[in-house]
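Q: My questions all concern the structure below.
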Number of protein chains: 2
Amino acid sequence: MPDQVSPSARARVMAAIQATGYTPSALGRNLRSQSTKIVLVVVPNLANPFFAEILRGIDDELVASGYGLVIGNLDNLPDREPRYVDMVFARQVDGVLLFSGRIPEDSGRLMNEAGIPVATVCVKIAGLPYVMVNDGVASAQVMEHLFALGHRRFGFIEGPVGNINAIGRKKGFRKALKKAGLDPDAASYWPGDFMFESGVEAGRQFLALKRRPTAVYAASDHMAIAFMKTVTAAGVQIPEEVSVVGFDGIEFSEFVTPTLTTISQPRHALGRTGTQVLLEALGSDCRPRSVELDAPLLIRESTGPAPKTKRRRA
Amino acid sequence: MPDQVSPSARARVMAAIQATGYTPSALGRNLRSQSTKIVLVVVPNLANPFFAEILRGIDDELVASGYGLVIGNLDNLPDREPRYVDMVFARQVDGVLLFSGRIPEDSGRLMNEAGIPVATVCVKIAGLPYVMVNDGVASAQVMEHLFALGHRRFGFIEGPVGNINAIGRKKGFRKALKKAGLDPDAASYWPGDFMFESGVEAGRQFLALKRRPTAVYAASDHMAIAFMKTVTAAGVQIPEEVSVVGFDGIEFSEFVTPTLTTISQPRHALGRTGTQVLLEALGSDCRPRSVELDAPLLIRESTGPAPKTKRRRA
DNA sequence: CGTGTCCTTGTAATCGATTACATTTCACTT
DNA sequence: AAGTGAAATGTAATCGATTACAAGGACACG
């Protein structure tokens, strides 16, 4: 059926369209087709530039497939979730993409029960397809690098409690220590929430230590950068006295002094791939696949050989 | 009409809702009410953290009013615009918020002709209400600060050609020079696009100068930060040899070394206020107002007294 | 010339919530 | 007890695009 409508009819319709400026209303179409060509993307915190780049990847893919993008910004506030669950049940969107570890699994599962496809990016929820980097593998890379530089005493700035990525990174950190014959519990752990302020606090606690780690691994670039800022302000040399590694590979990590060694998350690809997974589920009934992406370690100025110590810990 | 429906009827309906898990479909409602309770926000570049914070402000206000948020990311690509103009004409959104200076006025005007409210944030389009900071006034503040520190030789890193904010900032810069009895054309001007890379390039050009400015004013923090990074890497001391001022007040401006003196745009307030203006237009037929917000100068470490020179320019 | 097939066109039903209007029920007054 | 008003329920129309189906028209072939 290359041309279901006669040329003359087509011409007349086109002329009428030109004359009246007619545009088909999406409202009627949506009701009839029971679809909106819109995907809901739920993000824990819209202001986080890390998510912004993933969003761009998502948008690129959605635009290519003719879908629109509505943002559900949770602002890290759990009480904002029901709003978006409702949106799903009201059929206002054709599919959902969930981000990061803050969304209770309940909401995700709830949405899935509404009968529309749900996929997750940077987080796993049982039963849902996901796209993420393997945090444990990434941590292993980081530690391998630090071991090679001779470091034996470590600090770790944690992510938010319960966050799946934070957990994965910490587990990888501890596993690497154990594998190297070190006691994971001998390392210093500082609480954090991925944000600047917690990096500052970690820096203060680091400075207060008599016997400081020679390498600090932060679960996010933000915390790593704030940590660096805090300890260098106190006269500590990086990387001469302490090496610092971040996680995420945000743009700014290259523009701090010293430039930050970090795991570069393929943010754009995470967004694109996540969207592809979702669109596949949207297009067919086939079981959607999950994907793990590689995250390379970018070795820059903030890591160097471990300082010589007078006496080494037994 | 405190209670239009009898308690018994209400109870029965509620029971039925519980029993069947019924949720009203937004599709039918939208068609009937000829509205979607969704606002389209068109951003030039989603990955820019500067916009992210404004988006958060917008979202906060929209959520409070029960509206949803669809993002139109142009990615600085003009060919992505028609898509969103179509969305407007298809009545898929109740209102539009336009960002920044990249959107041709045509699209904005076109959307306005579709009969739905359009407001702009950080940009003026004739006939549309806007919310923005006064770039000229902000530039005047910057220059006043630099004059007070004794600076007489200036460099300016420009924004994208044709960008209304970039133009306003440059005009304010030149006006302040003239007012101080200096020749605006004697200053150094380096092209830019608000992004990192152009700050790096400006830094290179600065380094190549025999007679360098003692103060550099960049039309964005990104460019200022990249500029600082580039010239400090070449051994130039900030602020001893050159003072640097940015524009925007992004979060990172506080975490670079030295911390950046900059104009702090009230990003969250810009978003909120812009949304309020739009919602007012949505709620009534009254002529929407435009708003200008104040942007304070944050004086930090990157500006200091002008260096003593052997011979001063006549 | 008649009939069958194909192509057009026209009419009506559908999607689901909303709203206007008609009808019924009930309570309360005179 | 009849009548008036308010409340409650029921019925039908509406929003605009889509789609199924029926009726009309053209053409060709036997």
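The way I read the labels, and the way they are meant: chains A, B, ... in the order of the structure tokens, residue 1 as the first residue of every chain, and ligand 1 as the first ligand shown, with later ones counted on from there.
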Only residues of chain B matter here; which ones have an atom within 7 Å of chain A, counting only C-alpha atoms? Give them as an MDAnalysis selection string.
A: chainID B and resid 23:28 30:31 46:47 49 52:53 56 69:71 89:92 226 229 255:257
Q: Going by DSSP on the backbone, which residues of stretch 33-198 of chain A come out as strand (DSSP E or B)? List them as a PyMOL selection string.
A: chain A and resi 38-43+68-73+95-99+118-121+130-133+154-157+188-190
Q: Within 8 Å of chain A, which residues of chain C show up when using only C-alpha atoms (C1' of nucleotides), listed as a VMD selection string?
A: chain C and resid 14 to 16
Q: Residues of chain D near chain A: apply a cut-off of 12 Å, count only C-alpha atoms (C1' of nucleotides), and supply the list as a ChimeraX atom specification.
A: /D:15-19
Q: Assign secondary structure with DSSP using the backbone only, and return the residues of stretch 42-243 of chain A in alpha helix (DSSP H) as a ChimeraX atom specification.
A: /A:49-64,81-89,105-113,135-148,164-179,196-208,221-233
Q: List the neighbours of stretch 22-28 of chain D out to 10 Å using only C-alpha atoms (C1' of nucleotides); skip same-chain residues closer than 4 positions along the sequence, and give me the result as a ChimeraX atom specification.
A: /C:4-12
